[in-house]
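Peer 1: Below is the file my_file_25.cif, which contains mmCIF, C-alpha atoms and all ligand atoms.
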data_start
loop_
_atom_site.label_atom_id
_atom_site.label_comp_id
_atom_site.auth_asym_id
_atom_site.auth_seq_id
_atom_site.Cartn_x
_atom_site.Cartn_y
_atom_site.Cartn_z
CA MET A 1 -11.71 -13.22 17.53
CA PHE A 2 -10.28 -9.81 18.34
CA LYS A 3 -12.34 -8.29 15.54
CA SER A 4 -15.55 -9.88 16.79
CA ILE A 5 -14.96 -8.50 20.28
CA ILE A 6 -14.39 -5.05 18.81
CA ASN A 7 -17.57 -5.47 16.75
CA LEU A 8 -19.52 -6.35 19.89
CA PHE A 9 -18.74 -2.98 21.44
CA PHE A 10 -18.47 -0.94 18.26
CA PRO A 11 -20.75 -2.61 15.74
CA PRO A 12 -19.81 -1.53 12.21
CA VAL A 13 -22.13 0.99 10.62
CA CYS A 14 -22.61 1.98 7.00
CA SER A 15 -20.35 4.85 5.92
CA GLY A 16 -23.21 6.26 3.85
CA CYS A 17 -26.22 6.17 6.18
CA HIS A 18 -24.90 5.00 9.61
CA SER A 19 -27.30 2.04 9.81
CA LEU A 20 -25.86 -1.16 11.33
CA LEU A 21 -24.15 -3.39 8.78
CA ILE A 22 -25.22 -7.01 8.58
CA SER A 23 -22.63 -9.75 8.40
CA ASN A 24 -22.13 -9.91 4.63
CA GLU A 25 -22.03 -6.13 4.18
CA ASN A 26 -18.73 -4.28 4.03
CA VAL A 27 -18.35 -0.53 4.69
CA ILE A 28 -21.39 0.50 2.59
CA CYS A 29 -24.79 -1.15 3.16
CA THR A 30 -26.73 -2.85 0.38
CA LEU A 31 -29.37 -0.11 0.27
CA CYS A 32 -26.76 2.65 -0.10
CA ARG A 33 -24.95 0.65 -2.80
CA HIS A 34 -28.21 0.47 -4.75
CA ASN A 35 -28.86 4.17 -4.24
CA LEU A 36 -25.41 5.42 -5.22
CA PRO A 37 -25.70 7.71 -8.26
CA LEU A 38 -23.51 6.03 -10.89
CA THR A 39 -22.32 8.19 -13.79
CA ASN A 40 -21.70 5.34 -16.25
CA HIS A 41 -18.99 7.55 -17.73
CA HIS A 42 -16.94 4.49 -18.66
CA ILE A 43 -19.41 3.45 -21.35
CA ASN A 44 -19.38 6.92 -22.94
CA PRO A 45 -16.02 8.11 -24.37
CA GLU A 46 -17.45 11.66 -24.76
CA ASN A 47 -18.64 11.88 -21.17
CA GLU A 48 -18.86 15.04 -19.08
CA ALA A 49 -15.57 14.33 -17.28
CA VAL A 50 -13.78 14.31 -20.64
CA LYS A 51 -15.62 17.49 -21.61
CA LYS A 52 -14.52 19.15 -18.39
CA PHE A 53 -10.94 19.13 -19.69
CA TYR A 54 -11.66 20.24 -23.27
CA GLY A 55 -9.28 23.05 -24.19
CA ARG A 56 -7.46 22.73 -20.86
CA ILE A 57 -5.44 19.52 -20.92
CA PRO A 58 -5.25 16.76 -23.53
CA VAL A 59 -6.74 13.73 -21.76
CA GLU A 60 -6.70 10.27 -23.28
CA TYR A 61 -9.56 9.25 -21.03
CA ALA A 62 -11.46 10.70 -18.06
CA SER A 63 -14.26 9.43 -15.84
CA ALA A 64 -15.72 9.43 -12.35
CA LEU A 65 -17.58 6.55 -10.72
CA LEU A 66 -20.27 8.55 -8.88
CA TYR A 67 -22.12 11.84 -8.95
CA PHE A 68 -21.45 14.08 -5.96
CA HIS A 69 -24.53 15.97 -4.74
CA LYS A 70 -24.56 18.30 -1.76
CA LYS A 71 -26.18 16.47 1.21
CA GLY A 72 -26.21 13.16 -0.67
CA ILE A 73 -24.73 9.74 0.22
CA VAL A 74 -21.61 10.44 -1.84
CA GLN A 75 -20.90 13.65 0.06
CA GLU A 76 -21.22 11.65 3.29
CA LEU A 77 -18.84 8.96 2.00
CA ILE A 78 -16.23 11.47 0.83
CA HIS A 79 -16.49 13.41 4.08
CA ASN A 80 -16.00 10.24 6.13
CA LEU A 81 -13.09 9.23 3.91
CA LYS A 82 -11.35 12.59 4.15
CA TYR A 83 -12.02 13.74 7.67
CA LYS A 84 -13.14 10.74 9.75
CA GLY A 85 -10.31 8.32 9.07
CA GLN A 86 -12.54 5.89 7.15
CA GLU A 87 -9.84 4.99 4.64
CA GLU A 88 -11.53 1.69 3.76
CA ILE A 89 -14.13 3.64 1.73
CA GLY A 90 -11.39 4.28 -0.83
CA THR A 91 -10.67 0.56 -1.10
CA VAL A 92 -14.34 -0.28 -1.67
CA LEU A 93 -14.73 2.38 -4.38
CA GLY A 94 -11.44 1.37 -6.03
CA GLU A 95 -12.41 -2.31 -6.16
CA TRP A 96 -15.81 -1.37 -7.52
CA TYR A 97 -14.42 0.91 -10.21
CA ALA A 98 -11.72 -1.56 -11.26
CA GLU A 99 -14.50 -4.01 -12.20
CA GLU A 100 -16.04 -1.38 -14.51
CA LEU A 101 -12.75 -0.21 -16.00
CA LYS A 102 -10.91 -3.49 -16.49
CA ASN A 103 -12.14 -4.19 -20.03
CA LEU A 104 -11.44 -0.72 -21.46
CA ALA A 105 -8.59 -0.80 -23.99
CA ILE A 106 -7.46 2.70 -23.03
CA ILE A 107 -7.03 1.65 -19.38
CA LYS A 108 -4.89 -1.29 -20.49
CA SER A 109 -2.49 1.23 -22.07
CA VAL A 110 -1.91 3.00 -18.72
CA ASP A 111 1.61 2.62 -17.30
CA GLN A 112 1.20 4.15 -13.85
CA ILE A 113 -1.46 5.35 -11.44
CA ILE A 114 -0.56 8.74 -9.91
CA PRO A 115 -2.46 10.08 -6.87
CA VAL A 116 -3.07 13.81 -6.55
CA PRO A 117 -0.53 14.47 -3.79
CA LEU A 118 -1.03 16.22 -0.50
CA HIS A 119 1.66 18.56 0.72
CA LYS A 120 3.87 16.62 3.16
CA ARG A 121 2.77 18.86 6.01
CA LYS A 122 -0.90 18.22 5.17
CA LEU A 123 -0.14 14.50 4.97
CA ARG A 124 1.33 14.66 8.47
CA GLU A 125 -1.73 16.49 9.79
CA ARG A 126 -4.28 14.13 8.24
CA GLY A 127 -2.15 11.02 8.59
CA TYR A 128 -3.08 9.67 5.16
CA ASN A 129 -3.85 10.74 1.63
CA GLN A 130 -7.54 10.03 1.05
CA VAL A 131 -6.92 8.80 -2.50
CA THR A 132 -4.19 6.26 -1.59
CA ASN A 133 -6.48 3.28 -0.93
CA PHE A 134 -8.58 4.04 -4.02
CA GLY A 135 -5.37 4.06 -6.08
CA LEU A 136 -3.97 0.91 -4.49
CA ALA A 137 -7.23 -0.97 -5.12
CA LEU A 138 -7.21 0.15 -8.76
CA SER A 139 -3.54 -0.76 -9.01
CA LYS A 140 -4.05 -4.25 -7.60
CA ASN A 141 -7.22 -5.08 -9.53
CA LEU A 142 -6.15 -3.56 -12.86
CA ASN A 143 -2.57 -4.77 -12.52
CA LEU A 144 -1.08 -1.27 -12.98
CA ASP A 145 1.91 0.26 -11.20
CA TYR A 146 1.25 2.82 -8.48
CA ASN A 147 3.65 5.77 -8.35
CA ASN A 148 3.35 8.29 -5.52
CA SER A 149 6.77 9.86 -5.95
CA VAL A 150 6.89 11.37 -9.44
CA LEU A 151 4.34 14.13 -8.70
CA PHE A 152 4.47 16.22 -5.53
CA ARG A 153 2.86 19.30 -4.06
CA LYS A 154 5.22 22.19 -3.49
CA ILE A 155 2.90 24.67 -1.85
CA TYR A 156 1.12 24.14 1.42
CA SER A 157 -2.28 25.72 1.82
CA LYS A 158 -4.34 25.30 4.94
CA THR A 159 -7.61 24.41 3.25
CA GLN A 160 -6.49 23.72 -0.30
CA SER A 161 -9.75 25.39 -1.28
CA LYS A 162 -10.40 26.67 -4.76
CA LYS A 163 -9.58 30.20 -3.73
CA ASN A 164 -6.02 29.58 -2.63
CA LEU A 165 -5.37 26.51 -4.76
CA LEU A 166 -3.72 28.38 -7.56
CA HIS A 167 -0.51 30.16 -6.81
CA ARG A 168 0.25 31.76 -10.10
CA SER A 169 3.24 33.76 -11.11
CA ASP A 170 3.43 34.84 -14.73
CA GLY A 171 0.41 32.66 -15.47
CA ILE A 172 2.20 29.45 -14.50
CA ASP A 173 0.73 27.31 -11.76
CA THR A 174 3.50 26.35 -9.35
CA THR A 175 1.47 24.31 -6.83
CA PHE A 176 2.72 20.96 -8.18
CA ASP A 177 6.01 19.76 -9.54
CA VAL A 178 7.53 16.54 -10.86
CA SER A 179 10.69 14.63 -10.07
CA PHE A 180 11.68 12.28 -12.88
CA THR A 181 14.47 10.58 -14.76
CA GLU A 182 14.67 9.17 -18.26
CA LYS A 183 12.88 5.98 -17.21
CA ASP A 184 9.74 8.09 -16.61
CA HIS A 185 9.65 9.32 -20.21
CA ASN A 186 6.90 8.22 -22.62
CA LYS A 187 4.49 7.02 -19.95
CA HIS A 188 0.70 7.04 -19.84
CA PHE A 189 -0.21 8.36 -16.39
CA LEU A 190 -3.60 7.78 -14.80
CA LEU A 191 -4.20 10.64 -12.36
CA ILE A 192 -6.62 9.85 -9.56
CA ASP A 193 -8.50 12.11 -7.14
CA ASP A 194 -11.56 12.07 -4.89
CA VAL A 195 -13.95 14.61 -6.43
CA ILE A 196 -13.79 16.57 -9.69
CA THR A 197 -15.32 19.98 -9.07
CA THR A 198 -13.79 22.73 -11.18
CA GLY A 199 -11.06 20.41 -12.42
CA SER A 200 -8.38 22.97 -11.57
CA THR A 201 -6.40 20.67 -9.24
CA LEU A 202 -6.25 17.95 -11.90
CA GLU A 203 -5.40 20.53 -14.54
CA ALA A 204 -2.49 21.82 -12.44
CA CYS A 205 -1.25 18.25 -11.78
CA SER A 206 -1.48 17.46 -15.49
CA HIS A 207 0.51 20.53 -16.45
CA ALA A 208 3.26 19.37 -14.10
CA LEU A 209 3.21 15.78 -15.46
CA LEU A 210 3.22 17.02 -19.05
CA ARG A 211 6.67 18.46 -18.40
CA ILE A 212 7.89 14.85 -18.60
CA PRO A 213 8.77 14.11 -22.24
CA GLY A 214 6.22 11.90 -23.98
CA ALA A 215 3.75 11.97 -21.07
CA LYS A 216 0.09 11.12 -21.70
CA ILE A 217 -2.65 11.80 -19.14
CA SER A 218 -5.86 10.09 -18.16
CA VAL A 219 -8.04 10.91 -15.15
CA VAL A 220 -10.16 8.68 -12.92
CA CYS A 221 -11.99 10.00 -9.85
CA MET A 222 -14.33 8.63 -7.22
CA ALA A 223 -16.94 11.28 -7.90
CA MET A 224 -17.82 14.34 -9.94
CA ALA A 225 -19.80 17.34 -8.74
CA HIS A 226 -23.22 17.45 -10.37
CA SER A 227 -25.79 20.19 -10.13
ZN ZN A 301 -26.12 2.73 4.07
#
Please lay out the structure from this file as structure tokens.
Peer 2:
Amino acid sequence: MFKSIINLFFPPVCSGCHSLLISNENVICTLCRHNLPLTNHHINPENEAVKKFYGRIPVEYASALLYFHKKGIVQELIHNLKYKGQEEIGTVLGEWYAEELKNLAIIKSVDQIIPVPLHKRKLRERGYNQVTNFGLALSKNLNLDYNNSVLFRKIYSKTQSKKNLLHRSDGIDTTFDVSFTEKDHNKHFLLIDDVITTGSTLEACSHALLRIPGAKISVVCMAMAHS
């Protein structure tokens, strides 16, 4: 009742194209869903997300659901998710991707889903981590634990842009760190993020996680930059 009154004054619009949603549509309209550029990475073990990390970090598995093009629907979705409070986009993409990933043997070997963390000050400013709902939907639908405490961001940067992402001293990236005990040893961690661009954020997170004895890393993202 309350929701239908809200909908009367603020009818829900598609997060991709802003057209009015009809009753059976949720967050993203049918047309946008059909037009989303799927990577199909999950059916190709040697996909471009895996290749992105060649020689950088040893990944068991890597993939992204969508291609990210400048000015495209995916850019609009990610922008609305990150800056417009539309957290439900993460849930929709997580539920979608869980359906694709659920039969992969390598995913069944994952112990925990780990979100790329925001610095706690950034988290306060934004009010939420944009990958949380994506991770929780994957966690629920793939029946995997969600752990947002083992990996944390030590260094605050205003934009977290590529330029000031890496704070190196003696060649060691100190942006991220881990807090763990013996029970965290020998785990397969599935790192999740919104968009893979250069891969340097995920690389830095992986280096931190690999300080845990016996750690294995996989990566799953909502989207991957594509030229
Ligand atoms: Zn749409």
Peer 1: So that I can see what lies close to Thr91 of chain A, please list as number ranges by chain the residues with an atom at most 7 Å from it, counting all atoms listed in the file and leaving out residues fewer than 5 positions away in the same chain.
Peer 2: A: 133-134, 137
Peer 1: Restricting the calculation to only C-alpha atoms and all ligand atoms, which member of A:Ile107, A:Val13, A:Ala64, A:Ile43 is positioned closest to ligand ZN 301 (chain A)?
Peer 2: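 Counting only C-alpha atoms and all ligand atoms, the residue closest to ligand ZN 301 (chain A) is A:Val13.
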Peer 1: Taking all atoms listed in the file and a cut-off of 6 Å, can you tell me which residues surround ligand ZN 301 (chain A), written as a list of chain:residue names?
Peer 2: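 Using all atoms listed in the file, everything at most 6 Å from ligand ZN 301 (chain A) comes to A:Cys14, A:Gly16, A:Cys17, A:Ser19, A:Ile28, A:Cys29, A:Leu31, A:Cys32.
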Peer 1: From the list A:Leu202, A:Leu123, A:Leu66, A:Leu190, which residue is nearest Asp111 of chain A when using only C-alpha atoms?
Peer 2: A:Leu190
Peer 1: Choose the residue, out of A:Tyr61, A:Ile106, A:Lys84, A:Gly214, that has the smallest atom-to-atom separation from Lys183 of chain A; count only C-alpha atoms.
Peer 2: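 Using only C-alpha atoms, Lys183 of chain A sits closest to A:Gly214.
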Peer 1: For Val219 of chain A, which of A:Asn143, A:Leu36, A:Tyr54, A:Ile113 is the closest residue, counting all atoms listed in the file?
Peer 2: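 Answer, going by the shortest atom-to-atom distance: A:Ile113.
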Peer 1: Can you tell me how far atom CA of Ala49 of chain A sits from atom CA of Met222 of chain A, in Å to one decimal?
Peer 2: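 Computing it gives 11.6 Å between the two atoms.
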Peer 1: Between A:Asp184, A:Cys221, A:Leu209, A:Gln112, which has the minimum distance to Pro58 of chain A (counting only C-alpha atoms)?
Peer 2: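 The closest residue to Pro58 of chain A is A:Leu209.
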Peer 1: Dump as a PyMOL selection string all residues having an atom at most 6 Å from (-4.6, 7.2, -21.2), computed in the file's coordinates with only C-alpha atoms.
Peer 2: chain A and resi 60-61+106+110+188+217-218
Peer 1: Would you pick out the contacts of Arg121 of chain A at 12 Å or less, using only C-alpha atoms, so that residues sharing its chain but fewer than 3 positions from it are not included, and give the list as an mmCIF file with C-alpha atoms, in the coordinates of the input?
Peer 2:
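What landed in selection-v9.cif:
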data_model
loop_
_atom_site.group_PDB
_atom_site.id
_atom_site.type_symbol
_atom_site.label_atom_id
_atom_site.label_comp_id
_atom_site.auth_asym_id
_atom_site.auth_seq_id
_atom_site.Cartn_x
_atom_site.Cartn_y
_atom_site.Cartn_z
ATOM 1 C CA PRO A 117 -0.530 14.470 -3.790
ATOM 2 C CA LEU A 118 -1.030 16.220 -0.500
ATOM 3 C CA ARG A 124 1.330 14.660 8.470
ATOM 4 C CA GLU A 125 -1.730 16.490 9.790
ATOM 5 C CA ARG A 126 -4.280 14.130 8.240
ATOM 6 C CA GLY A 127 -2.150 11.020 8.590
ATOM 7 C CA TYR A 128 -3.080 9.670 5.160
ATOM 8 C CA ASN A 129 -3.850 10.740 1.630
ATOM 9 C CA PHE A 152 4.470 16.220 -5.530
ATOM 10 C CA ARG A 153 2.860 19.300 -4.060
ATOM 11 C CA LYS A 154 5.220 22.190 -3.490
ATOM 12 C CA ILE A 155 2.900 24.670 -1.850
ATOM 13 C CA TYR A 156 1.120 24.140 1.420
ATOM 14 C CA SER A 157 -2.280 25.720 1.820
ATOM 15 C CA LYS A 158 -4.340 25.300 4.940
#
Peer 1: Provide the atom CA of Ile89 of chain A to atom CA of Val150 of chain A distance in Å, to one decimal place.
Peer 2: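 These atoms are spaced 25.0 Å apart.
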Peer 1: Can you sort out the box for segment 53-65 of chain A, edges along x, y and z, all listed atoms in, 6 Å on every side, with centre and edge lengths in Å to one decimal, as lines of an AutoDock Vina configuration file?
Peer 2:
center_x = -11.4
center_y = 14.8
center_z = -17.5
size_x = 24.3
size_y = 28.5
size_z = 25.5
Peer 1: Between A:Leu65, A:Val27, A:Val92, A:Leu21, single out the one closest to Thr39 of chain A, counting only C-alpha atoms.
Peer 2: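 Distance minimum relative to Thr39 of chain A lands on A:Leu65.
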Peer 1: What gap, in Å, lies between atom CA of Lys122 of chain A and atom CA of Ser179 of chain A?
Peer 2: 19.5 Å
Peer 1: Within 10 Å of (-16.6, 16.9, -18.4) (coordinates as in the file), grab all the protein and nucleic acid residues, counting only C-alpha atoms, and write them out as a list of chain:residue names.
Peer 2: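 Checked against the point, the hits come out as A:His41, A:Glu46, A:Asn47, A:Glu48, A:Ala49, A:Val50, A:Lys51, A:Lys52, A:Phe53, A:Tyr54, A:Ala62, A:Ser63, A:Ala64, A:Ile196, A:Thr197, A:Thr198, A:Gly199, A:Met224.
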